[in-house]
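Following: one structure in structure tokens, then a few remarks.
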Amino acid sequence: MSDGRSRVVRWRGADGGPFAAEGAAERWEGVVPRAYARDGEAAAAAGVVRHTLAGGAVDAEPGFEVRCFEVAPGGWSSCERHAHPHVVVVLAGRGEVLLDDARHSVAPFDLVYVAPWTAHQFRAAEDAPLAFLCVVDRERDRPQRLPAGRLSDG
Ligand code: MN
């Protein structure tokens, strides 16, 4: 946790170690990756790790949070919808995003805006991880999980 002061958080680079494992090596100095689980979902199976870079529990001030998610090859995020929007920028890897009923391939530097109440899910390619930044409101409603993520079926 930071003390809320201005700072530079150094990128350490991927170490070749496992993606999507609790305790995976830090990608950013001092930022501990956390397995991303909600409602008892088997996060390890889905292969998603979250790094909270700013906001949230890290900094008191911003009304938003900046997180980086890493999805392991073949992994996926929950299929969900909610009132709060997301702004996502892909940093590395390859994958797909589901936005309502449309599937889009995504690659580094693509931006995805997820408007309120859009059903959405991210999936990494079978042979590549997917890493993306996600900016989200600090105060936000709980996601509604949708049945059997549609991307994860495909
Ligand atoms: Mn969401």
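By convention here, the chains of the structure tokens are called A, B, ... in the order presented, each chain's residues are numbered starting at 1, and ligands are numbered starting at 1 in the order presented.
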Task: Cut-off 12 Å, only C-alpha atoms and all ligand atoms, neighbours of ligand 1 as a VMD selection string - done: chain A and resid 38 67 69 77 to 88 97 to 99 112 to 122 134 to 137 140 to 146
Output file for the selection above: C-alpha atoms, as a compact mmCIF listing (two decimals), in the first residue's frame:
```
# COMPACT_ATOMS: atom_id res chain seq x y z
CA ARG A 38 -15.68 -13.28 -6.92
CA ARG A 67 -5.88 -2.09 -12.30
CA PHE A 69 -5.40 -7.81 -15.24
CA SER A 77 -12.87 -13.27 -16.95
CA SER A 78 -16.40 -13.58 -15.65
CA CYS A 79 -19.21 -12.74 -18.02
CA GLU A 80 -20.98 -9.89 -16.25
CA ARG A 81 -22.75 -6.58 -16.52
CA HIS A 82 -23.17 -3.60 -14.23
CA ALA A 83 -24.06 0.08 -14.15
CA HIS A 84 -20.47 1.31 -14.00
CA PRO A 85 -18.42 1.59 -17.20
CA HIS A 86 -14.92 0.29 -17.85
CA VAL A 87 -12.14 1.82 -19.88
CA VAL A 88 -9.72 -0.92 -20.93
CA VAL A 97 -13.67 -9.43 -25.77
CA LEU A 98 -17.39 -10.10 -25.77
CA LEU A 99 -19.54 -6.96 -25.81
CA VAL A 112 -12.24 -1.10 -25.20
CA TYR A 113 -14.98 1.05 -23.73
CA VAL A 114 -17.54 -1.03 -21.88
CA ALA A 115 -20.67 1.10 -21.54
CA PRO A 116 -23.07 0.66 -18.61
CA TRP A 117 -25.02 -2.60 -18.66
CA THR A 118 -23.04 -4.11 -21.52
CA ALA A 119 -22.48 -7.83 -20.97
CA HIS A 120 -18.72 -8.30 -21.20
CA GLN A 121 -16.07 -10.93 -20.88
CA PHE A 122 -12.36 -11.08 -21.74
CA CYS A 134 -8.83 -1.36 -16.59
CA VAL A 135 -9.99 1.96 -15.15
CA VAL A 136 -13.10 1.80 -13.02
CA ASP A 137 -14.99 4.00 -10.58
CA ARG A 140 -19.44 1.06 -8.08
CA ASP A 141 -22.29 -1.39 -8.13
CA ARG A 142 -21.74 -5.10 -7.83
CA PRO A 143 -21.55 -6.98 -11.12
CA GLN A 144 -24.37 -9.21 -12.15
CA ARG A 145 -22.84 -12.48 -13.18
CA LEU A 146 -24.30 -13.90 -16.35
```
Task: Separation of CA of Gly56 (chain A) from CA of Pro129 (chain A) in Å - done: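 Separation between CA of Pro129 (chain A) and CA of Gly56 (chain A): 25.1 Å.
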- [ ] May I ask for the distance between CA of Val58 (chain A) and CA of Ala124 (chain A), given in Å to one decimal place?
- [x] 27.0 Å
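The residue set within 7 Å of Ala128 (chain A), counting only C-alpha atoms and dropping same-chain residues fewer than 4 places from it, reads A:Pro73, A:Gly93, A:Arg94, A:Ala124.
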For the selection just defined, write its residues with N, CA and C atoms to a file, as an mmCIF file, in the first residue's frame.
```cif
data_model
loop_
_atom_site.group_PDB
_atom_site.id
_atom_site.type_symbol
_atom_site.label_atom_id
_atom_site.label_comp_id
_atom_site.auth_asym_id
_atom_site.auth_seq_id
_atom_site.Cartn_x
_atom_site.Cartn_y
_atom_site.Cartn_z
ATOM 1 N N PRO A 73 -3.017 -17.900 -20.779
ATOM 2 C CA PRO A 73 -3.467 -18.482 -22.052
ATOM 3 C C PRO A 73 -4.663 -19.394 -21.823
ATOM 4 N N GLY A 93 -0.156 -9.304 -25.274
ATOM 5 C CA GLY A 93 -0.804 -10.570 -25.594
ATOM 6 C C GLY A 93 -1.888 -10.418 -26.652
ATOM 7 N N ARG A 94 -2.767 -11.398 -26.657
ATOM 8 C CA ARG A 94 -3.855 -11.432 -27.634
ATOM 9 C C ARG A 94 -5.059 -12.062 -26.977
ATOM 10 N N ALA A 124 -8.252 -14.740 -23.021
ATOM 11 C CA ALA A 124 -6.933 -14.794 -23.647
ATOM 12 C C ALA A 124 -6.944 -15.841 -24.756
#
```
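In this comparison, which uses only C-alpha atoms, the residue of A:Ala35, A:Ala25, A:Val48, A:Leu133 approaching Trp76 (chain A) most closely is A:Val48.
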Open item on the list: I'd like the contact shell of Leu91 (chain A) - 9 Å cut-off, only C-alpha atoms, skipping same-chain residues fewer than 2 positions apart - returned as a PyMOL selection string.
Closed with: chain A and resi 68+89+93+107-110+130-133
Take the residues from that selection and put them in a file with N, CA and C atoms, as an mmCIF file, in the first residue's frame.
```cif
data_model
loop_
_atom_site.group_PDB
_atom_site.id
_atom_site.type_symbol
_atom_site.label_atom_id
_atom_site.label_comp_id
_atom_site.auth_asym_id
_atom_site.auth_seq_id
_atom_site.Cartn_x
_atom_site.Cartn_y
_atom_site.Cartn_z
ATOM 1 N N CYS A 68 -4.392 -3.616 -13.413
ATOM 2 C CA CYS A 68 -3.941 -4.396 -14.566
ATOM 3 C C CYS A 68 -4.352 -5.839 -14.328
ATOM 4 N N VAL A 89 -7.446 -0.738 -21.754
ATOM 5 C CA VAL A 89 -6.406 -0.630 -22.781
ATOM 6 C C VAL A 89 -5.567 -1.905 -22.718
ATOM 7 N N GLY A 93 -0.156 -9.304 -25.274
ATOM 8 C CA GLY A 93 -0.804 -10.570 -25.594
ATOM 9 C C GLY A 93 -1.888 -10.418 -26.652
ATOM 10 N N ALA A 107 -5.722 -6.685 -29.304
ATOM 11 C CA ALA A 107 -4.263 -6.770 -29.310
ATOM 12 C C ALA A 107 -3.723 -5.504 -28.650
ATOM 13 N N PRO A 108 -2.418 -5.472 -28.381
ATOM 14 C CA PRO A 108 -1.864 -4.332 -27.640
ATOM 15 C C PRO A 108 -2.230 -2.970 -28.221
ATOM 16 N N PHE A 109 -2.582 -2.111 -27.322
ATOM 17 C CA PHE A 109 -2.941 -0.708 -27.530
ATOM 18 C C PHE A 109 -4.375 -0.526 -28.012
ATOM 19 N N ASP A 110 -5.085 -1.595 -28.280
ATOM 20 C CA ASP A 110 -6.519 -1.446 -28.531
ATOM 21 C C ASP A 110 -7.190 -0.944 -27.260
ATOM 22 N N LEU A 130 -3.156 -12.534 -22.001
ATOM 23 C CA LEU A 130 -3.738 -11.227 -22.316
ATOM 24 C C LEU A 130 -3.581 -10.357 -21.079
ATOM 25 N N ALA A 131 -2.984 -9.192 -21.261
ATOM 26 C CA ALA A 131 -2.844 -8.247 -20.147
ATOM 27 C C ALA A 131 -3.478 -6.939 -20.548
ATOM 28 N N PHE A 132 -4.283 -6.380 -19.649
ATOM 29 C CA PHE A 132 -4.931 -5.104 -19.974
ATOM 30 C C PHE A 132 -5.078 -4.254 -18.725
ATOM 31 N N LEU A 133 -5.001 -2.925 -18.950
ATOM 32 C CA LEU A 133 -5.347 -1.973 -17.907
ATOM 33 C C LEU A 133 -6.842 -1.797 -17.895
#
```
